[in-house]
Structures are given as C-alpha cells and as structure tokens.
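Listing of target.cif, mmCIF, C-alpha atoms
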```
data_model
#
loop_
_atom_site.group_PDB
_atom_site.id
_atom_site.type_symbol
_atom_site.label_atom_id
_atom_site.label_comp_id
_atom_site.auth_asym_id
_atom_site.auth_seq_id
_atom_site.Cartn_x
_atom_site.Cartn_y
_atom_site.Cartn_z
ATOM 1 C CA MET A 1474 62.074 117.348 65.607
ATOM 2 C CA LYS A 1475 64.950 115.408 67.198
ATOM 3 C CA ARG A 1476 67.471 117.717 65.565
ATOM 4 C CA GLY A 1477 65.542 120.731 66.810
ATOM 5 C CA LEU A 1478 65.494 119.411 70.374
ATOM 6 C CA LYS A 1479 69.176 118.495 70.257
ATOM 7 C CA GLY A 1480 70.009 121.868 68.724
ATOM 8 C CA ALA A 1481 68.185 123.622 71.528
ATOM 9 C CA ILE A 1482 69.390 121.561 74.508
ATOM 10 C CA SER A 1483 72.963 120.613 73.554
ATOM 11 C CA PRO A 1484 74.396 124.158 73.552
ATOM 12 C CA VAL A 1485 72.855 124.842 76.971
ATOM 13 C CA LEU A 1486 74.250 121.615 78.454
ATOM 14 C CA ALA A 1487 77.640 122.257 76.852
ATOM 15 C CA ALA A 1488 77.735 125.716 78.413
ATOM 16 C CA LEU A 1489 76.939 124.229 81.834
ATOM 17 C CA LEU A 1490 79.429 121.367 81.528
ATOM 18 C CA ARG A 1491 82.358 123.297 80.046
ATOM 19 C CA PRO A 1492 83.423 125.023 83.300
ATOM 20 C CA VAL A 1493 83.450 121.718 85.216
ATOM 21 C CA ARG A 1494 85.399 119.691 82.641
ATOM 22 C CA GLY A 1495 88.286 119.077 85.063
ATOM 23 C CA VAL A 1496 85.933 117.930 87.809
ATOM 24 C CA ARG A 1497 84.121 115.602 85.414
ATOM 25 C CA ARG A 1498 87.435 114.066 84.314
ATOM 26 C CA SER A 1499 88.561 113.589 87.917
ATOM 27 C CA LEU A 1500 85.277 111.918 88.842
ATOM 28 C CA THR A 1501 85.566 109.603 85.827
ATOM 29 C CA ARG A 1502 89.072 108.577 86.939
ATOM 30 C CA ILE A 1503 88.019 108.043 90.553
ATOM 31 C CA TYR A 1504 85.023 105.939 89.562
ATOM 32 C CA ALA A 1505 87.058 103.856 87.070
ATOM 33 C CA HIS A 1506 89.753 103.278 89.725
ATOM 34 C CA ALA A 1507 87.148 102.122 92.255
ATOM 35 C CA VAL A 1508 85.540 99.728 89.762
ATOM 36 C CA LEU A 1509 88.929 98.284 88.767
ATOM 37 C CA SER A 1510 89.964 97.819 92.405
ATOM 38 C CA ALA A 1511 86.682 96.066 93.150
ATOM 39 C CA ASP A 1512 87.268 93.684 90.227
ATOM 40 C CA LEU A 1513 90.845 92.742 91.197
ATOM 41 C CA ALA A 1514 91.946 90.086 93.682
ATOM 42 C CA GLU A 1515 93.933 92.821 95.476
ATOM 43 C CA PRO A 1516 93.193 96.565 95.136
ATOM 44 C CA ALA A 1517 95.092 98.772 92.705
ATOM 45 C CA PRO A 1518 97.464 101.361 94.215
ATOM 46 C CA ALA A 1519 96.089 104.877 94.597
ATOM 47 C CA SER A 1520 98.798 106.183 92.241
ATOM 48 C CA LEU A 1521 97.300 104.241 89.296
ATOM 49 C CA VAL A 1522 95.624 106.626 86.831
ATOM 50 C CA ILE A 1523 92.823 105.183 84.728
ATOM 51 C CA GLU A 1524 91.091 107.198 82.025
ATOM 52 C CA GLY A 1525 88.053 104.928 81.612
ATOM 53 C CA ARG A 1526 86.640 101.478 82.175
ATOM 54 C CA ALA A 1527 89.031 98.510 82.309
ATOM 55 C CA PHE A 1528 87.702 94.954 82.117
ATOM 56 C CA VAL A 1529 88.986 92.163 84.378
ATOM 57 C CA ASP A 1530 88.097 88.507 83.740
ATOM 58 C CA GLY A 1531 88.961 85.119 85.189
ATOM 59 C CA THR A 1532 90.814 84.720 88.462
ATOM 60 C CA ARG A 1533 91.577 88.474 88.722
ATOM 61 C CA ASN A 1534 95.266 87.992 89.591
ATOM 62 C CA VAL A 1535 96.637 91.293 88.343
ATOM 63 C CA ARG A 1536 99.295 93.213 90.263
ATOM 64 C CA PHE A 1537 100.072 96.878 89.519
ATOM 65 C CA GLY A 1538 103.156 98.871 90.417
ATOM 66 C CA GLU A 1539 103.075 102.570 91.221
ATOM 67 C CA ASN A 1540 102.165 105.355 88.780
ATOM 68 C CA VAL A 1541 100.717 103.078 86.102
ATOM 69 C CA MET A 1542 98.567 104.747 83.423
ATOM 70 C CA LEU A 1543 95.654 102.867 81.838
ATOM 71 C CA TYR A 1544 93.616 104.209 78.944
ATOM 72 C CA PRO A 1545 89.996 103.062 78.410
ATOM 73 C CA ASP A 1546 88.889 99.596 77.291
ATOM 74 C CA VAL A 1547 91.933 97.662 78.529
ATOM 75 C CA HIS A 1548 91.135 93.941 79.013
ATOM 76 C CA LEU A 1549 93.019 91.918 81.638
ATOM 77 C CA GLU A 1550 92.382 88.200 82.030
ATOM 78 C CA THR A 1551 94.030 85.525 84.155
ATOM 79 C CA ARG A 1552 93.173 81.846 84.488
ATOM 80 C CA HIS A 1553 94.118 79.294 87.133
ATOM 81 C CA ASP A 1554 97.164 80.481 89.146
ATOM 82 C CA ALA A 1555 98.400 82.794 86.403
ATOM 83 C CA LEU A 1556 99.507 86.366 87.167
ATOM 84 C CA ILE A 1557 99.730 89.597 85.208
ATOM 85 C CA ASP A 1558 102.490 91.624 86.898
ATOM 86 C CA ILE A 1559 102.718 95.259 85.744
ATOM 87 C CA GLY A 1560 105.699 97.327 86.884
ATOM 88 C CA ASP A 1561 106.000 100.954 87.964
ATOM 89 C CA GLY A 1562 105.294 103.697 85.443
ATOM 90 C CA VAL A 1563 103.867 101.412 82.748
ATOM 91 C CA VAL A 1564 101.500 102.988 80.187
ATOM 92 C CA ILE A 1565 98.870 100.727 78.602
ATOM 93 C CA SER A 1566 96.914 102.346 75.783
ATOM 94 C CA ARG A 1567 93.297 101.971 74.685
ATOM 95 C CA GLY A 1568 91.992 98.546 73.757
ATOM 96 C CA VAL A 1569 95.014 96.490 74.845
ATOM 97 C CA HIS A 1570 94.289 92.823 75.707
ATOM 98 C CA ILE A 1571 96.564 90.985 78.144
ATOM 99 C CA VAL A 1572 95.729 87.333 78.848
ATOM 100 C CA ALA A 1573 97.753 85.111 81.191
ATOM 101 C CA MET A 1574 97.315 81.390 81.703
ATOM 102 C CA ALA A 1575 100.908 81.107 82.992
ATOM 103 C CA ARG A 1576 102.368 84.585 83.652
ATOM 104 C CA VAL A 1577 102.832 87.918 81.917
ATOM 105 C CA THR A 1578 105.443 90.284 83.395
ATOM 106 C CA ILE A 1579 105.767 93.873 82.167
ATOM 107 C CA GLY A 1580 108.807 95.827 83.341
ATOM 108 C CA SER A 1581 108.812 99.373 84.665
ATOM 109 C CA GLY A 1582 108.540 102.275 82.248
ATOM 110 C CA THR A 1583 107.220 100.167 79.376
ATOM 111 C CA MET A 1584 104.661 101.658 76.978
ATOM 112 C CA ILE A 1585 102.142 99.492 75.101
ATOM 113 C CA GLY A 1586 100.346 100.928 72.065
ATOM 114 C CA GLU A 1587 96.650 100.826 71.268
ATOM 115 C CA TYR A 1588 94.923 97.519 70.497
ATOM 116 C CA SER A 1589 97.976 95.352 71.148
ATOM 117 C CA SER A 1590 97.459 91.735 72.223
ATOM 118 C CA ILE A 1591 99.719 89.985 74.741
ATOM 119 C CA ARG A 1592 98.677 86.353 75.291
ATOM 120 C CA ASP A 1593 100.808 83.636 76.827
ATOM 121 C CA ALA A 1594 98.625 80.695 75.715
ATOM 122 C CA ASN A 1595 97.663 79.040 72.449
ATOM 123 C CA HIS A 1596 94.947 76.546 71.566
ATOM 124 C CA GLN A 1597 95.864 72.925 70.967
ATOM 125 C CA ARG A 1598 94.416 70.691 68.265
ATOM 126 C CA SER A 1599 93.246 67.134 68.671
ATOM 127 C CA ALA A 1600 91.621 64.722 66.238
ATOM 128 C CA GLU A 1601 89.370 63.471 69.056
ATOM 129 C CA THR A 1602 87.709 66.788 69.975
ATOM 130 C CA THR A 1603 86.895 70.303 68.824
ATOM 131 C CA ILE A 1604 89.507 73.045 69.054
ATOM 132 C CA ARG A 1605 87.381 74.678 71.743
ATOM 133 C CA ASP A 1606 87.669 71.600 73.990
ATOM 134 C CA ALA A 1607 91.223 70.563 73.112
ATOM 135 C CA GLY A 1608 92.890 72.646 75.815
ATOM 136 C CA HIS A 1609 95.811 75.002 75.516
ATOM 137 C CA THR A 1610 99.533 75.345 76.094
ATOM 138 C CA ALA A 1611 100.847 78.327 78.056
ATOM 139 C CA ARG A 1612 104.369 79.737 78.320
ATOM 140 C CA PRO A 1613 105.235 82.904 80.287
ATOM 141 C CA ILE A 1614 105.858 86.231 78.580
ATOM 142 C CA VAL A 1615 108.486 88.617 79.987
ATOM 143 C CA ILE A 1616 108.595 92.200 78.739
ATOM 144 C CA GLY A 1617 111.562 94.127 80.096
ATOM 145 C CA LYS A 1618 111.965 97.688 81.335
ATOM 146 C CA GLU A 1619 111.516 100.761 79.124
ATOM 147 C CA VAL A 1620 110.177 98.698 76.211
ATOM 148 C CA TRP A 1621 108.136 100.498 73.558
ATOM 149 C CA ILE A 1622 105.476 98.313 71.943
ATOM 150 C CA GLY A 1623 103.757 99.999 69.000
ATOM 151 C CA ARG A 1624 100.085 100.003 68.071
ATOM 152 C CA GLY A 1625 98.467 96.699 67.137
ATOM 153 C CA VAL A 1626 101.376 94.436 68.154
ATOM 154 C CA THR A 1627 100.793 90.762 68.992
ATOM 155 C CA VAL A 1628 103.132 89.099 71.517
ATOM 156 C CA LEU A 1629 102.890 85.297 71.726
ATOM 157 C CA GLY A 1630 103.610 82.866 74.561
ATOM 158 C CA GLY A 1631 107.164 82.082 75.603
ATOM 159 C CA VAL A 1632 108.601 85.370 74.350
ATOM 160 C CA THR A 1633 111.050 87.568 76.273
ATOM 161 C CA ILE A 1634 111.466 91.168 75.109
ATOM 162 C CA GLY A 1635 114.644 92.691 76.506
ATOM 163 C CA ASP A 1636 115.046 96.035 78.251
ATOM 164 C CA ASP A 1637 114.932 99.149 76.021
ATOM 165 C CA ALA A 1638 113.660 97.211 72.990
ATOM 166 C CA THR A 1639 111.216 98.696 70.455
ATOM 167 C CA VAL A 1640 108.532 96.702 68.627
ATOM 168 C CA GLY A 1641 107.126 98.347 65.484
ATOM 169 C CA ALA A 1642 103.400 98.765 64.928
ATOM 170 C CA ASN A 1643 101.427 95.662 63.884
ATOM 171 C CA ALA A 1644 104.372 93.315 64.415
ATOM 172 C CA VAL A 1645 103.810 89.716 65.533
ATOM 173 C CA VAL A 1646 106.468 88.757 68.091
ATOM 174 C CA THR A 1647 107.051 85.002 67.944
ATOM 175 C CA ARG A 1648 110.598 84.810 69.378
ATOM 176 C CA ASP A 1649 112.796 86.623 71.885
ATOM 177 C CA VAL A 1650 113.829 90.230 71.244
ATOM 178 C CA PRO A 1651 117.325 91.197 72.497
ATOM 179 C CA PRO A 1652 117.756 94.204 74.807
ATOM 180 C CA GLY A 1653 117.924 97.467 72.867
ATOM 181 C CA ALA A 1654 116.810 95.899 69.581
ATOM 182 C CA THR A 1655 114.175 97.323 67.239
ATOM 183 C CA VAL A 1656 112.007 94.708 65.550
ATOM 184 C CA ALA A 1657 109.195 94.955 63.039
ATOM 185 C CA GLY A 1658 107.156 92.805 60.674
ATOM 186 C CA VAL A 1659 105.360 89.467 60.622
ATOM 187 C CA PRO A 1660 107.040 87.613 62.181
ATOM 188 C CA ALA A 1661 108.970 90.365 63.956
ATOM 189 C CA ALA A 1662 112.638 90.548 62.951
ATOM 190 C CA PRO A 1663 115.448 92.901 64.021
ATOM 191 C CA ILE A 1664 115.954 96.022 61.942
ATOM 192 C CA ARG A 1665 118.539 97.684 64.229
ATOM 193 C CA SER A 1666 119.742 97.920 67.820
ATOM 194 C CA ARG A 1667 120.339 100.928 70.046
ATOM 195 C CA SER A 1668 124.006 100.056 70.397
ATOM 196 C CA ALA A 1669 124.435 99.966 66.593
ATOM 197 C CA VAL A 1670 122.757 103.380 66.222
ATOM 198 C CA SER A 1671 124.931 104.998 68.923
ATOM 199 C CA GLU A 1672 128.246 103.756 67.478
#
```
Could you render the structure from this file as structure tokens?
Amino acid sequence: MKRGLKGAISPVLAALLRPVRGVRRSLTRIYAHAVLSADLAEPAPASLVIEGRAFVDGTRNVRFGENVMLYPDVHLETRHDALIDIGDGVVISRGVHIVAMARVTIGSGTMIGEYSSIRDANHQRSAETTIRDAGHTARPIVIGKEVWIGRGVTVLGGVTIGDDATVGANAVVTRDVPPGATVAGVPAAPIRSRSAVSE
C-alpha cells in the first residue's frame, strides 16, 4: 500500500516541484545562510554561498572572507579565544571538520575536499586521570593561499601548508608543507613541487 501511495503521489509532486527547482535551491541557500549567521559570533558576509546546513559549536569565533563557498554538513568549532579565519574565495566541501583551540587560518582561494579534518589540538595523557580529563595541547594551523587539500585529508596542530601546495587524498599532514609542494601519504611526504614540474 505504501508503494502504491508513493507511486501515485510522487510523480505529481515531482511535476509540481520541477519548474521551481531554482527557487527551491535559492531558498535553501538563503535559509542556510541565515542559520549560519545566527550561530556565529559575527554574521557571515552576504557573498558567502552555502549549499546546506553548517554546524557551529563552542565559542563561535569564525570569520569568513568574501565569496566563500560551503557545501552541506561542514562542522566549525572553536574553544576559548581560538579563531577560525577563512579567507576570500575559499571552498569547503561536504563533511569537513575544522576545530580550533588556538587558531586555524585558511588563505584565499584554497579548496578543501570532502570529509577532511583540520584540528589544531591533541589530547594529552596522564597517569593520574582519564584521557578525557587530561586536557589538550593546541598549536595553530596556517594553510596558505591557493592550496588544494584532497578528500579525507587530516591536518594536525602546528602545521603550516605553504601557498600553492597540494595535499593528496587521505593524507595525514604532520609537518610543514613547503609552498608549491605536492604531498601524499601517511604521514604526508613530498612527491614533487610546482617549480620542479615547470623546469
């Protein structure tokens, strides 16, 4: 019976909704932008395009540049006085998690692939208490301009990724990446640089 009802109603609804697809998409973006702005310590610029719900936790200290693009299910979290600072023209894909307990800076024009994790803090261990209660250490992350971070990448605290660098999918970045370099693997290691390719 459920299939019969769905089979009868779905085509009718689809026919009604198809002509207003653009309007529906615009309304989704407007609503998502309003929700994000309400969740931030300071509103997002009007030029920010957001394709679906983004989640903001903690102290809400996230600053966006102009013309940023967010795909659905992005998670942004700050604690204490930490800041997530996102430059102009950055693209953050679906399911990306960015957590700052010190600071995360993302330079203009950078693209971050789906389900990547950028976290500037790590748990400590202590014989006297559980890992949950042992605190953490935090070191800022700096991602330069025009960086391409592939799908599923993990960037750890204290790392600087130079301008124009590329990080291959599923890499774990544990140390600095020079400008123009391409790194891949676990832990991420250089496989070539832009200057070497152009020579």
inquiry  = Would you pick out the contacts of range 1563-1578 of chain A at 7 Å or less, using only C-alpha atoms, so that residues sharing its chain but fewer than 3 positions from it are not included, and give the list as a ChimeraX atom specification?
reply    = /A:1541-1553,1555-1560,1581-1594,1611-1616
Hey, can I get the axis-aligned box for range 1487-1502 of chain A? All listed atoms, 4 Å padding on each side, centre and edge lengths in Å to one decimal, as JSON.
```
{"center_x": 83.0, "center_y": 117.1, "center_z": 82.8, "size_x": 20.1, "size_y": 25.1, "size_z": 20.0}
```
remark   = Correct to one decimal, the distance CA of Trp1621 in chain A-CA of Gly1641 in chain A is 8.4 Å
task = Name the residues in contact with Pro1516 in chain A at a cut-off of 12 Å, using all atoms listed in the file, excluding same-chain residues fewer than 2 positions from it; report them as a ChimeraX atom specification.
result = /A:1506-1514,1518-1521,1533-1538
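Using only C-alpha atoms, the protein and nucleic acid residues lying no more than 10 Å from Ala1607 in chain A, apart from those fewer than 5 places from it along its own chain, are His1596, Gln1597, Arg1598, Ser1599, Ala1600, Glu1601 and Thr1602 of chain A.
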request  = Would you please work out which residue, of A:Arg1526, A:Lys1479, A:Arg1498, A:Lys1618, is nearest to Thr1639 in chain A when using all atoms listed in the file?
outcome  =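 Closest to Thr1639 in chain A, using all atoms listed in the file: A:Lys1618.
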query = Mind pulling up the distance from CA of Asp1554 in chain A to CA of Gly1525 in chain A?
reply =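 Value for the CA of Gly1525 in chain A-CA of Asp1554 in chain A distance: 27.2 Å.
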ask   = Which of these residues is nearest to Arg1502 in chain A, using only C-alpha atoms: A:Glu1515, A:Glu1524, A:Asp1637, A:Asp1561?
value =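 Nearest candidate to Arg1502 in chain A out of A:Glu1515, A:Glu1524, A:Asp1637, A:Asp1561: A:Glu1524.
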Atomic distance CA of Val1632 in chain A - CA of Ala1517 in chain A, expressed in Å with one decimal = 26.4 Å
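Restricting the calculation to all atoms listed in the file, the smallest distance between Gly1562 in chain A and any of A:Glu1539, A:Asp1530, A:Asp1606, A:Asp1636 is found for A:Glu1539.
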Nearest candidate to Thr1647 in chain A (options A:Ile1634, A:Leu1629, A:Ala1487, A:Ala1505; using all atoms listed in the file) = A:Leu1629
7 Å contact set for Val1640 in chain A, all atoms listed in the file, chain neighbours under 5 positions out, as a ChimeraX atom specification = /A:1621-1623,1655-1657
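Distance annotation: of A:Gly1625, A:Gly1495, A:Gly1630, A:Pro1484, the residue with the minimal separation from Arg1648 in chain A is A:Gly1630; atom set is all atoms listed in the file.
Minimum atom-to-atom distances from A:Gly1658, A:Tyr1504, A:Thr1532, A:Val1628 to Val1646 in chain A were compared using only C-alpha atoms, and the lowest value belongs to A:Val1628.
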Save C-alpha atoms of range 1545-1666 of chain A from the block above as a PDB file, in the first residue's frame.
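What ended up in result_23.pdb:
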```
ATOM      1  CA  PRO A1545      26.471  20.864   3.408  1.00  0.00           C
ATOM      2  CA  ASP A1546      27.421  19.318   6.753  1.00  0.00           C
ATOM      3  CA  VAL A1547      30.523  21.430   7.432  1.00  0.00           C
ATOM      4  CA  HIS A1548      31.397  21.487  11.167  1.00  0.00           C
ATOM      5  CA  LEU A1549      33.166  24.516  12.659  1.00  0.00           C
ATOM      6  CA  GLU A1550      34.202  24.540  16.308  1.00  0.00           C
ATOM      7  CA  THR A1551      36.207  26.997  18.389  1.00  0.00           C
ATOM      8  CA  ARG A1552      37.056  26.893  22.083  1.00  0.00           C
ATOM      9  CA  HIS A1553      38.265  29.609  24.442  1.00  0.00           C
ATOM     10  CA  ASP A1554      39.735  32.563  22.480  1.00  0.00           C
ATOM     11  CA  ALA A1555      40.506  30.475  19.408  1.00  0.00           C
ATOM     12  CA  LEU A1556      39.608  31.691  15.902  1.00  0.00           C
ATOM     13  CA  ILE A1557      38.885  30.035  12.576  1.00  0.00           C
ATOM     14  CA  ASP A1558      39.823  32.620   9.927  1.00  0.00           C
ATOM     15  CA  ILE A1559      38.694  31.739   6.385  1.00  0.00           C
ATOM     16  CA  GLY A1560      39.956  33.880   3.507  1.00  0.00           C
ATOM     17  CA  ASP A1561      38.263  35.127   0.347  1.00  0.00           C
ATOM     18  CA  GLY A1562      37.134  32.615  -2.260  1.00  0.00           C
ATOM     19  CA  VAL A1563      37.724  29.519  -0.118  1.00  0.00           C
ATOM     20  CA  VAL A1564      35.731  26.373  -0.999  1.00  0.00           C
ATOM     21  CA  ILE A1565      34.979  23.922   1.824  1.00  0.00           C
ATOM     22  CA  SER A1566      33.387  20.672   0.685  1.00  0.00           C
ATOM     23  CA  ARG A1567      30.808  18.417   2.328  1.00  0.00           C
ATOM     24  CA  GLY A1568      31.518  16.986   5.755  1.00  0.00           C
ATOM     25  CA  VAL A1569      34.699  18.946   6.523  1.00  0.00           C
ATOM     26  CA  HIS A1570      35.504  19.385  10.248  1.00  0.00           C
ATOM     27  CA  ILE A1571      37.573  22.374  11.379  1.00  0.00           C
ATOM     28  CA  VAL A1572      38.323  22.628  15.107  1.00  0.00           C
ATOM     29  CA  ALA A1573      40.380  25.431  16.668  1.00  0.00           C
ATOM     30  CA  MET A1574      41.551  25.635  20.258  1.00  0.00           C
ATOM     31  CA  ALA A1575      44.354  28.037  19.246  1.00  0.00           C
ATOM     32  CA  ARG A1576      43.826  29.270  15.659  1.00  0.00           C
ATOM     33  CA  VAL A1577      43.198  27.909  12.182  1.00  0.00           C
ATOM     34  CA  THR A1578      43.916  30.256   9.255  1.00  0.00           C
ATOM     35  CA  ILE A1579      42.910  29.337   5.700  1.00  0.00           C
ATOM     36  CA  GLY A1580      44.265  31.526   2.905  1.00  0.00           C
ATOM     37  CA  SER A1581      42.288  32.901  -0.015  1.00  0.00           C
ATOM     38  CA  GLY A1582      41.426  30.637  -2.925  1.00  0.00           C
ATOM     39  CA  THR A1583      42.075  27.416  -1.017  1.00  0.00           C
ATOM     40  CA  MET A1584      39.912  24.356  -1.714  1.00  0.00           C
ATOM     41  CA  ILE A1585      39.293  21.671   0.925  1.00  0.00           C
ATOM     42  CA  GLY A1586      37.980  18.263  -0.156  1.00  0.00           C
ATOM     43  CA  GLU A1587      35.127  16.276   1.331  1.00  0.00           C
ATOM     44  CA  TYR A1588      35.383  14.855   4.857  1.00  0.00           C
ATOM     45  CA  SER A1589      38.762  16.409   5.632  1.00  0.00           C
ATOM     46  CA  SER A1590      39.661  17.121   9.264  1.00  0.00           C
ATOM     47  CA  ILE A1591      41.654  20.184  10.338  1.00  0.00           C
ATOM     48  CA  ARG A1592      42.263  20.225  14.107  1.00  0.00           C
ATOM     49  CA  ASP A1593      44.863  22.287  15.917  1.00  0.00           C
ATOM     50  CA  ALA A1594      44.664  20.406  19.246  1.00  0.00           C
ATOM     51  CA  ASN A1595      45.522  16.949  20.528  1.00  0.00           C
ATOM     52  CA  HIS A1596      44.605  15.122  23.721  1.00  0.00           C
ATOM     53  CA  GLN A1597      47.190  14.734  26.456  1.00  0.00           C
ATOM     54  CA  ARG A1598      47.740  11.627  28.559  1.00  0.00           C
ATOM     55  CA  SER A1599      48.248  11.492  32.289  1.00  0.00           C
ATOM     56  CA  ALA A1600      48.654   8.571  34.674  1.00  0.00           C
ATOM     57  CA  GLU A1601      46.522  10.431  37.237  1.00  0.00           C
ATOM     58  CA  THR A1602      43.355  10.862  35.142  1.00  0.00           C
ATOM     59  CA  THR A1603      41.399   9.631  32.141  1.00  0.00           C
ATOM     60  CA  ILE A1604      42.300  10.817  28.652  1.00  0.00           C
ATOM     61  CA  ARG A1605      39.003  12.699  28.571  1.00  0.00           C
ATOM     62  CA  ASP A1606      40.008  14.802  31.600  1.00  0.00           C
ATOM     63  CA  ALA A1607      43.731  15.123  30.884  1.00  0.00           C
ATOM     64  CA  GLY A1608      43.433  18.300  28.823  1.00  0.00           C
ATOM     65  CA  HIS A1609      44.921  19.076  25.453  1.00  0.00           C
ATOM     66  CA  THR A1610      47.749  20.875  23.701  1.00  0.00           C
ATOM     67  CA  ALA A1611      46.955  23.268  20.853  1.00  0.00           C
ATOM     68  CA  ARG A1612      49.220  24.742  18.177  1.00  0.00           C
ATOM     69  CA  PRO A1613      47.962  26.997  15.352  1.00  0.00           C
ATOM     70  CA  ILE A1614      47.463  25.715  11.819  1.00  0.00           C
ATOM     71  CA  VAL A1615      48.207  28.002   8.853  1.00  0.00           C
ATOM     72  CA  ILE A1616      47.027  26.990   5.390  1.00  0.00           C
ATOM     73  CA  GLY A1617      48.280  29.327   2.683  1.00  0.00           C
ATOM     74  CA  LYS A1618      46.658  30.756  -0.433  1.00  0.00           C
ATOM     75  CA  GLU A1619      45.509  28.633  -3.383  1.00  0.00           C
ATOM     76  CA  VAL A1620      46.134  25.369  -1.516  1.00  0.00           C
ATOM     77  CA  TRP A1621      44.342  22.252  -2.749  1.00  0.00           C
ATOM     78  CA  ILE A1622      43.538  19.767   0.013  1.00  0.00           C
ATOM     79  CA  GLY A1623      42.151  16.480  -1.306  1.00  0.00           C
ATOM     80  CA  ARG A1624      39.307  14.380   0.053  1.00  0.00           C
ATOM     81  CA  GLY A1625      39.699  12.843   3.500  1.00  0.00           C
ATOM     82  CA  VAL A1626      42.897  14.691   4.488  1.00  0.00           C
ATOM     83  CA  THR A1627      43.833  15.154   8.156  1.00  0.00           C
ATOM     84  CA  VAL A1628      45.851  18.254   9.119  1.00  0.00           C
ATOM     85  CA  LEU A1629      47.311  18.235  12.645  1.00  0.00           C
ATOM     86  CA  GLY A1630      48.221  21.059  15.024  1.00  0.00           C
ATOM     87  CA  GLY A1631      51.287  23.198  14.430  1.00  0.00           C
ATOM     88  CA  VAL A1632      51.366  22.614  10.675  1.00  0.00           C
ATOM     89  CA  THR A1633      51.899  25.321   8.045  1.00  0.00           C
ATOM     90  CA  ILE A1634      50.947  24.491   4.454  1.00  0.00           C
ATOM     91  CA  GLY A1635      52.550  26.922   2.027  1.00  0.00           C
ATOM     92  CA  ASP A1636      50.882  28.819  -0.804  1.00  0.00           C
ATOM     93  CA  ASP A1637      50.004  26.792  -3.934  1.00  0.00           C
ATOM     94  CA  ALA A1638      50.662  23.442  -2.227  1.00  0.00           C
ATOM     95  CA  THR A1639      48.638  20.292  -2.990  1.00  0.00           C
ATOM     96  CA  VAL A1640      47.788  17.603  -0.427  1.00  0.00           C
ATOM     97  CA  GLY A1641      46.741  14.233  -1.877  1.00  0.00           C
ATOM     98  CA  ALA A1642      43.558  12.481  -0.797  1.00  0.00           C
ATOM     99  CA  ASN A1643      43.590  10.729   2.601  1.00  0.00           C
ATOM    100  CA  ALA A1644      46.993  12.127   3.560  1.00  0.00           C
ATOM    101  CA  VAL A1645      47.834  12.865   7.203  1.00  0.00           C
ATOM    102  CA  VAL A1646      49.794  16.127   7.413  1.00  0.00           C
ATOM    103  CA  THR A1647      52.030  16.049  10.488  1.00  0.00           C
ATOM    104  CA  ARG A1648      54.712  18.577   9.440  1.00  0.00           C
ATOM    105  CA  ASP A1649      55.041  21.736   7.364  1.00  0.00           C
ATOM    106  CA  VAL A1650      54.461  21.605   3.604  1.00  0.00           C
ATOM    107  CA  PRO A1651      56.625  23.986   1.513  1.00  0.00           C
ATOM    108  CA  PRO A1652      54.975  26.413  -0.927  1.00  0.00           C
ATOM    109  CA  GLY A1653      54.187  24.758  -4.255  1.00  0.00           C
ATOM    110  CA  ALA A1654      54.882  21.235  -2.989  1.00  0.00           C
ATOM    111  CA  THR A1655      52.670  18.201  -3.585  1.00  0.00           C
ATOM    112  CA  VAL A1656      52.499  15.793  -0.657  1.00  0.00           C
ATOM    113  CA  ALA A1657      50.718  12.499  -0.161  1.00  0.00           C
ATOM    114  CA  GLY A1658      50.635   9.514   2.176  1.00  0.00           C
ATOM    115  CA  VAL A1659      50.643   8.746   5.888  1.00  0.00           C
ATOM    116  CA  PRO A1660      52.465  10.709   7.122  1.00  0.00           C
ATOM    117  CA  ALA A1661      52.348  13.124   4.188  1.00  0.00           C
ATOM    118  CA  ALA A1662      55.650  13.407   2.314  1.00  0.00           C
ATOM    119  CA  PRO A1663      56.658  15.436  -0.759  1.00  0.00           C
ATOM    120  CA  ILE A1664      56.259  13.757  -4.127  1.00  0.00           C
ATOM    121  CA  ARG A1665      57.046  16.833  -6.271  1.00  0.00           C
ATOM    122  CA  SER A1666      56.942  20.626  -6.331  1.00  0.00           C
TER     123      SER A1666
END
```
